[in-house]
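Data block below; observations after.
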Amino acid sequence: MAKTTPPRAVELELSLFGPGIGECLVVHLGSGYWMVVDSCLDQSGDKPVALAYLEQLGVDVSRQIKLVVVTHWHDDHIRGISQVLQRASSARFACSAAIQSKEFLALVCAHDEIKLVEHTSGFSELAEVLAILQARTPGPFRSGPDFWAIEGQCLYSGAPTDDVEVHALSPSSQTVTDSKGGLGTRLPLSGEPIRRFAGVAPHDLSVALLVKTTDMHLLLGADLENGRDDRRGWRAVVGSAVRPKVMSSGYKVAHHGSQNADLEELWTTLVAKNSRAVLTPYARGRKPRPADDDVRRIKAKTPHLYCTVWPATERPPGRNTDRTMNQMTRFRRAVSKRPGHIRLRVPFRGSLDDISIELFDGARRL
Amino acid sequence: MPLEKGGLNHRRGGPFMPEHQLESEGFSIVVLGSFNPTIFQPLWFSANNLIPSEEASGPDTKIQIIHKNATIFSTEWFSLQVTDSNFTLQTSDPTKSQPLRDLAVGTFKVLEHTPLTVFGLNRYGHFQMPSREKWHTFGRHFAPKASWSAILKEPDLKSLVIEGKRANCAATINVTIQPSIIVDPGVFIAVNEQHNLLEPKDTTSADCNRRFLELLQGSWGDFLQYAANVYKHLFSEYMTPSARASRKKRG
Amino acid sequence: MATTAFDGQFGRERFRDPDAPAGGHETTQPIEIGILPAPSPKALKKVQGDNDVPSTERRQEAIQDVDPLIRLTPGSPERRFHVLQQWECVVDGIEGDSFTADLLDLTDPSKPREIVEIPLIEISEADLALLLPGAVFYWILGYEITRGGQKRRVSEIRARRNPKWSQRAIDAVTKRGEELYNRLKGNGEDNST
């Protein structure tokens, strides 16, 4: 099928994009309405891949994107999300309730100071998002996200036209309470050099989502980790009394396939046997994800595993300084600028056998 | 070979046509405003984390004067001169184009209430010409002798400054061409990009300062690239067949 | 009367007119200000009045009234360096005796970014304290031509130096964070009147 062929009105689509750092999910919710989760840029480096793809399909993004969700808040993982939200003027916006704290919001406010010396703060995108939301609510009214996502919350319903719902499965109530005590990223101290914020806060705070239709469902795992007890992380999701009790046929694997985000019970209570599992790699750090043992472990659960870019990194292009650089480094890896694309489609009223998987731009079955 | 944003790629002559070798280059940032020169001592910069303390007190750091009217000092890689109205930061180290920008940004981030009015970005280079004949040809192309020979004997280009604008930029550009005094036969080319901070007219000092920081952050890389393109254009311009024909016609 | 001439070819004027008001120069090309061994006749007249014979005391006053124009003898030392490659490196993590970083290609931004691991020994002592997640370093590779004309391959890694957070700025950011928190609505809040 051509990449530019849109899904049918009663067809569920999950398009996963990922270049090696950052990812974006574009989900068709029926009747031409869409959800965008997180963001990365297309190969040009200028345009969010979600907008580029939807425009290719002929979607009117100002009218047809109904929900934008941010599961991360570091710039590297949501590049271009502010552009998406700006264009998606009809969309509601959701992010983790765990960031609704004065301390975290102070970090976001620090963006204005940091960007003067660093041109980016690490929270530039989130600062822009909040500014957009504020502009949408002029006057004395309070502004901000439409949803502070928390377990058990319904973020979207297609009723009565479509039997489609989007539910937040996390963060758990306990995690939100924990976050009030600090997120692991603190405000700088007086006398510390101004620098951009690095990395992300604990992954327990991620927003995992369930897209539920008549028969076919998708589990979008974000970066949610297992959790240290049954009130946090995947442990809390599995044991949750408020989540819809359905088994998903499509699963966006959490946290790039890391073992600390791969609970055994997830595969028995949330994900159907022989489901289609899709993931993006993470090229940073000493060990890119998914590692070989991650792939083996997941393939033992389902033989249908797909990755947007594989291998996760590539050989650096030749430069006339290679000899010196290779002498000075322990390893060098290049990250593709082009986000690979996995597209999963299945009718709302369908079965596993009806699922189609298409691979574009370097995406591969593992 | 693509022209890069920061330093220059140098094979023989690099990207500026094989014959024209860049022998020396430098960068400077000039800010006009209202300053207290006595503040700008090496130790002030290290105390504010803008240079290492070893650099501030190191043997390569030379203070010429610290006075209420002027401060001048130089370190291993940059020189600074400040009067009550002019702040000039300069380096002749091609590896320091980004640190120079950072130093200017950091300085005025600390001094965020300093009134600023105008700032200029500068990049210059001394180029070795392949022959004296081509050196003369270059000068004659941009300042034709025929235009002067009726009123001057042996007219020679001493300095040429052209002002203009460039696309998508509100700044004023000045391009200077002179015979080089350090390379013979050589050409000196300097590109200046001047930004006005005082518009709109009722902008406060703090607003001007923030605008300066945003502009400097945003335009430094583009400016370096533009200046490199200016060099390339000038060297290719005087060598085109039409340019040769035009010079021949002028005699 | 001093004349204006170019010297040093950094767009500099050798002498500034000492009678010009201080700070009157509007150019943002680098200028060099020059020293005069004695005040100009015009400046002297300001304190002498019509008396043709300046006293030492008055002369001293006259000097104080004139800007001490200082000649800038050579600025930063020139360095002959042929840059081959420039990177902007953002520190990702530090573990043991090395750190990992993201490299953004400043020489050719169209090329992909790289992830590298660099031993700490490659970082100068002065910059080690700045090696923290999120910190930025520059890595420049190329050839240096020494004064003697020798060519040598050089690799330099240098920390970006940013100013420090002040308590005032931190307090301002904390206050804005609180204001933002108060301004943000909770779940399901209806803004309609």
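Order determines the names: the first chain of the structure tokens is A, the second B, and so forth; residues in each chain are numbered 1 upward, and ligands are numbered 1 upward as they are shown.
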*Pull out every residue of chain A sitting within 8 Å of chain C, counting only C-alpha atoms, and send them as a PyMOL selection string.*
chain A and resi 100-110+117+141-148+187-199+283-286+316-317+320-321+324+328-337
_Contacts of Cys95 of chain A within 9 Å, only C-alpha atoms, excl. fewer than 2 positions in-chain, as an NGL selection string_ = :A and (68-73 or 93 or 97-99 or 145-150 or 206-207)
Deliver the residues from the most recent selection as a file, using N, CA and C atoms, as an mmCIF file, in the first residue's frame.
```cif
data_model
loop_
_atom_site.group_PDB
_atom_site.id
_atom_site.type_symbol
_atom_site.label_atom_id
_atom_site.label_comp_id
_atom_site.auth_asym_id
_atom_site.auth_seq_id
_atom_site.Cartn_x
_atom_site.Cartn_y
_atom_site.Cartn_z
ATOM 1 N N VAL A 68 -3.196 15.521 21.669
ATOM 2 C CA VAL A 68 -1.734 15.522 21.675
ATOM 3 C C VAL A 68 -1.288 15.153 23.082
ATOM 4 N N VAL A 69 -0.424 14.146 23.168
ATOM 5 C CA VAL A 69 0.020 13.658 24.477
ATOM 6 C C VAL A 69 1.542 13.741 24.541
ATOM 7 N N VAL A 70 2.029 14.239 25.651
ATOM 8 C CA VAL A 70 3.474 14.266 25.896
ATOM 9 C C VAL A 70 3.783 13.308 27.032
ATOM 10 N N THR A 71 4.607 12.321 26.748
ATOM 11 C CA THR A 71 4.945 11.353 27.799
ATOM 12 C C THR A 71 6.322 11.652 28.388
ATOM 13 N N HIS A 72 7.126 12.443 27.655
ATOM 14 C CA HIS A 72 8.437 12.858 28.154
ATOM 15 C C HIS A 72 8.427 14.372 28.274
ATOM 16 N N TRP A 73 9.466 14.941 28.870
ATOM 17 C CA TRP A 73 9.537 16.389 28.850
ATOM 18 C C TRP A 73 10.923 16.914 28.550
ATOM 19 N N PHE A 93 -4.789 18.637 24.977
ATOM 20 C CA PHE A 93 -3.399 18.318 25.311
ATOM 21 C C PHE A 93 -3.344 17.608 26.655
ATOM 22 N N ALA A 97 0.427 13.936 35.159
ATOM 23 C CA ALA A 97 0.049 14.700 36.345
ATOM 24 C C ALA A 97 1.219 14.863 37.297
ATOM 25 N N ALA A 98 2.206 14.001 37.139
ATOM 26 C CA ALA A 98 3.333 14.036 38.072
ATOM 27 C C ALA A 98 4.181 15.291 37.912
ATOM 28 N N ILE A 99 4.042 15.987 36.791
ATOM 29 C CA ILE A 99 4.860 17.191 36.630
ATOM 30 C C ILE A 99 4.134 18.441 37.123
ATOM 31 N N PRO A 145 -2.655 22.295 30.467
ATOM 32 C CA PRO A 145 -3.083 21.052 29.826
ATOM 33 C C PRO A 145 -4.567 20.794 30.064
ATOM 34 N N ASP A 146 -5.192 20.174 29.074
ATOM 35 C CA ASP A 146 -6.577 19.760 29.248
ATOM 36 C C ASP A 146 -6.663 18.575 30.191
ATOM 37 N N PHE A 147 -5.622 17.778 30.195
ATOM 38 C CA PHE A 147 -5.580 16.619 31.073
ATOM 39 C C PHE A 147 -4.223 16.538 31.761
ATOM 40 N N TRP A 148 -4.252 16.454 33.083
ATOM 41 C CA TRP A 148 -3.066 16.014 33.817
ATOM 42 C C TRP A 148 -3.234 14.508 33.934
ATOM 43 N N ALA A 149 -2.622 13.787 33.016
ATOM 44 C CA ALA A 149 -2.917 12.364 32.870
ATOM 45 C C ALA A 149 -2.523 11.569 34.114
ATOM 46 N N ILE A 150 -3.425 10.670 34.498
ATOM 47 C CA ILE A 150 -3.211 9.812 35.654
ATOM 48 C C ILE A 150 -3.978 8.521 35.398
ATOM 49 N N SER A 206 5.993 8.391 33.345
ATOM 50 C CA SER A 206 5.528 8.346 31.954
ATOM 51 C C SER A 206 4.040 8.063 31.860
ATOM 52 N N VAL A 207 3.473 8.503 30.759
ATOM 53 C CA VAL A 207 2.051 8.258 30.497
ATOM 54 C C VAL A 207 1.940 7.074 29.528
#
```
*Can you pull out every residue within 9 Å of Ser44 of chain A, counting only C-alpha atoms, but drop anything in the same chain fewer than 2 positions away, and send it as a ChimeraX atom specification?*
/A:41-42,46-47,337-338 /C:110
*Could you list, as JSON, numbers by chain, every residue of chain B that has an atom within 10 Å of an atom of chain A, counting only C-alpha atoms?*
{"B": [48, 49, 50, 101, 102, 103, 104, 105, 106, 108, 109, 210, 211, 212, 213, 214, 215, 216, 217, 218]}
Export, as a JSON list (two decimals), in the first residue's frame, the selected residues with C-alpha atoms.
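Okay, this is what ended up in selection.json:
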```json
[["chain", "number", "residue", "atom", "x", "y", "z"],
["B", 48, "ASN", "CA", 32.06, 34.77, 37.04],
["B", 49, "ASN", "CA", 33.13, 31.45, 35.52],
["B", 50, "LEU", "CA", 33.68, 33.01, 32.12],
["B", 101, "ARG", "CA", 30.70, 34.32, 21.27],
["B", 102, "ASP", "CA", 30.19, 32.52, 24.58],
["B", 103, "LEU", "CA", 32.41, 35.03, 26.35],
["B", 104, "ALA", "CA", 30.41, 37.96, 25.01],
["B", 105, "VAL", "CA", 27.14, 36.27, 25.88],
["B", 106, "GLY", "CA", 28.30, 35.36, 29.36],
["B", 108, "PHE", "CA", 26.36, 40.55, 29.24],
["B", 109, "LYS", "CA", 24.31, 37.87, 30.91],
["B", 210, "ARG", "CA", 18.06, 40.29, 26.30],
["B", 211, "ARG", "CA", 17.65, 41.10, 22.64],
["B", 212, "PHE", "CA", 21.42, 41.34, 22.29],
["B", 213, "LEU", "CA", 21.86, 37.91, 23.87],
["B", 214, "GLU", "CA", 19.16, 36.34, 21.71],
["B", 215, "LEU", "CA", 20.51, 37.92, 18.53],
["B", 216, "LEU", "CA", 24.09, 37.00, 19.30],
["B", 217, "GLN", "CA", 23.10, 33.41, 20.09],
["B", 218, "GLY", "CA", 20.99, 33.18, 16.99]]
```
With chain B as the partner and 6 Å as the cut-off, tabulate the residues of chain C that qualify, each row holding the nearest pair of atoms and their distance in Å to one decimal, using only C-alpha atoms, sorted by chain and rising number, as CSV.
```
residue,atom,partner,partner_atom,distance
C:Gly23,CA,B:Ser85,CA,4.9
C:Thr28,CA,B:Gly120,CA,4.7
C:Gly75,CA,B:Ser79,CA,5.2
C:Ser76,CA,B:Phe78,CA,4.8
C:Glu78,CA,B:Ser92,CA,4.8
C:Arg79,CA,B:Asp93,CA,5.0
C:His82,CA,B:His10,CA,5.2
C:Val83,CA,B:Asn9,CA,5.4
C:Leu84,CA,B:Asn9,CA,5.2
C:Leu106,CA,B:Lys5,CA,6.0
C:Thr107,CA,B:Glu4,CA,4.3
C:Asp108,CA,B:Glu4,CA,5.5
C:Arg161,CA,B:Leu50,CA,5.2
C:Asn162,CA,B:Gly106,CA,5.7
C:Pro163,CA,B:Gly106,CA,5.4
```
I'd like the contact shell of Gly164 of chain B - 9 Å cut-off, only C-alpha atoms, skipping same-chain residues fewer than 4 positions apart - returned as a tab-separated table (two decimals) with N, CA and C atoms, in the first residue's frame.
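Once written, selection09.tsv looks like this:
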```tsv
chain	number	residue	atom	x	y	z
B	171	ALA	N	20.22	43.61	9.91
B	171	ALA	CA	21.49	44.26	10.21
B	171	ALA	C	22.07	44.94	8.98
B	172	THR	N	22.99	45.87	9.23
B	172	THR	CA	23.73	46.53	8.16
B	172	THR	C	25.07	45.82	8.00
B	173	ILE	N	25.43	45.56	6.76
B	173	ILE	CA	26.68	44.85	6.48
B	173	ILE	C	27.69	45.85	5.91
B	174	ASN	N	28.93	45.76	6.38
B	174	ASN	CA	30.04	46.51	5.78
B	174	ASN	C	31.11	45.50	5.38
B	175	VAL	N	31.51	45.55	4.11
B	175	VAL	CA	32.60	44.70	3.65
B	175	VAL	C	33.77	45.60	3.29
```
*asked:* I need the residues of segment 8-221 of chain B that end up classed as strand (DSSP E or B) by DSSP on the backbone, written out as an MDAnalysis selection string.
replied: chainID B and resid 21:33 62:66 70:74 79:83 86:91 116:128 160:164 172:179 186:196
*All residues 10 Å or closer to Glu23 of chain A, only C-alpha atoms, same chain fewer than 2 positions away omitted, as a PyMOL selection string*: chain A and resi 16-21+25+37-41+49+76-79+222+279-282+308+339-340
Please produce a file of the residues just selected, as a short mmCIF file (atom, residue, chain, number, x, y, z; two decimals), in the first residue's frame, where the atoms kept are N, CA and C atoms.
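result.cif written:
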```
data_model
loop_
_atom_site.label_atom_id
_atom_site.label_comp_id
_atom_site.auth_asym_id
_atom_site.auth_seq_id
_atom_site.Cartn_x
_atom_site.Cartn_y
_atom_site.Cartn_z
N LEU A 16 4.55 4.44 14.03
CA LEU A 16 5.63 4.71 14.97
C LEU A 16 6.84 5.20 14.19
N PHE A 17 7.37 6.33 14.60
CA PHE A 17 8.55 6.92 13.97
C PHE A 17 9.67 7.02 15.01
N GLY A 18 10.89 6.75 14.57
CA GLY A 18 12.00 6.90 15.52
C GLY A 18 13.32 6.87 14.81
N PRO A 19 14.17 7.90 15.00
CA PRO A 19 15.46 7.95 14.31
C PRO A 19 16.63 7.37 15.10
N GLY A 20 16.43 7.12 16.38
CA GLY A 20 17.54 6.67 17.21
C GLY A 20 17.61 7.43 18.51
N ILE A 21 17.11 8.65 18.48
CA ILE A 21 16.90 9.39 19.73
C ILE A 21 15.56 10.11 19.54
N LEU A 25 4.48 8.80 17.93
CA LEU A 25 3.40 7.88 17.59
C LEU A 25 2.25 8.70 17.03
N VAL A 37 1.40 11.33 19.85
CA VAL A 37 2.07 11.10 21.13
C VAL A 37 3.56 11.35 20.95
N ASP A 38 4.09 12.31 21.68
CA ASP A 38 5.49 12.72 21.60
C ASP A 38 5.83 13.17 20.18
N SER A 39 7.11 13.49 19.94
CA SER A 39 7.45 14.06 18.63
C SER A 39 8.93 13.90 18.34
N CYS A 40 9.22 13.71 17.06
CA CYS A 40 10.60 13.83 16.60
C CYS A 40 10.54 14.53 15.24
N LEU A 41 11.69 14.89 14.73
CA LEU A 41 11.73 15.67 13.49
C LEU A 41 11.98 14.77 12.29
N VAL A 49 7.78 15.05 12.38
CA VAL A 49 7.45 13.96 11.46
C VAL A 49 5.94 13.70 11.45
N ASP A 76 14.95 16.36 23.76
CA ASP A 76 15.39 15.35 22.80
C ASP A 76 14.30 14.35 22.45
N HIS A 77 13.32 14.22 23.33
CA HIS A 77 12.28 13.21 23.12
C HIS A 77 10.99 13.80 22.59
N ILE A 78 10.92 15.09 22.52
CA ILE A 78 9.67 15.71 22.05
C ILE A 78 9.99 16.86 21.10
N ARG A 79 11.00 16.66 20.30
CA ARG A 79 11.39 17.74 19.38
C ARG A 79 10.25 18.04 18.42
N ALA A 222 5.14 3.96 26.26
CA ALA A 222 5.99 5.12 26.59
C ALA A 222 7.34 4.62 27.12
N LEU A 279 8.92 -1.07 18.31
CA LEU A 279 9.70 -0.22 19.20
C LEU A 279 10.66 0.68 18.43
N THR A 280 11.17 1.67 19.15
CA THR A 280 12.20 2.54 18.59
C THR A 280 13.48 2.27 19.36
N PRO A 281 14.62 2.47 18.73
CA PRO A 281 15.88 2.29 19.44
C PRO A 281 16.23 3.55 20.23
N TYR A 282 17.23 3.39 21.09
CA TYR A 282 17.80 4.53 21.80
C TYR A 282 19.30 4.43 21.66
N THR A 308 12.05 0.62 14.34
CA THR A 308 12.03 1.70 13.34
C THR A 308 13.39 1.87 12.66
N PRO A 339 14.04 9.30 10.45
CA PRO A 339 13.27 8.41 11.34
C PRO A 339 12.64 7.29 10.54
N GLY A 340 12.92 6.07 10.93
CA GLY A 340 12.23 4.95 10.31
C GLY A 340 10.76 4.97 10.70
#
```
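Excluding Ser240 of chain A itself and same-chain residues fewer than 3 positions from it, the residues having an atom within 12 Å of it are Ile150, Glu151, Gly152, Ala168, Leu169, Ser170, Pro171, Ser172, Ser173, Gln174, Asp230, Arg231, Arg232, Gly233, Trp234, Arg235, Ala236, Val237, Arg243, Pro244, Lys245, Thr269 and Leu270 of chain A, counting only C-alpha atoms.
What separates atom CA of Arg63 of chain A from atom CA of His341 of chain A is a distance of 23.8 Å.
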*Using DSSP on the backbone, list every residue of segment 80-245 of chain A that comes out as alpha helix (DSSP H), and give them as a count of residues only.*
49
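In this structure, atom CA of Ala272 of chain A sits 14.7 Å away from atom CA of Val346 of chain A.
Atom pair atom CA of Lys273 of chain A / atom CA of Ser249 of chain A has a distance of 7.9 Å (rounded to one decimal).
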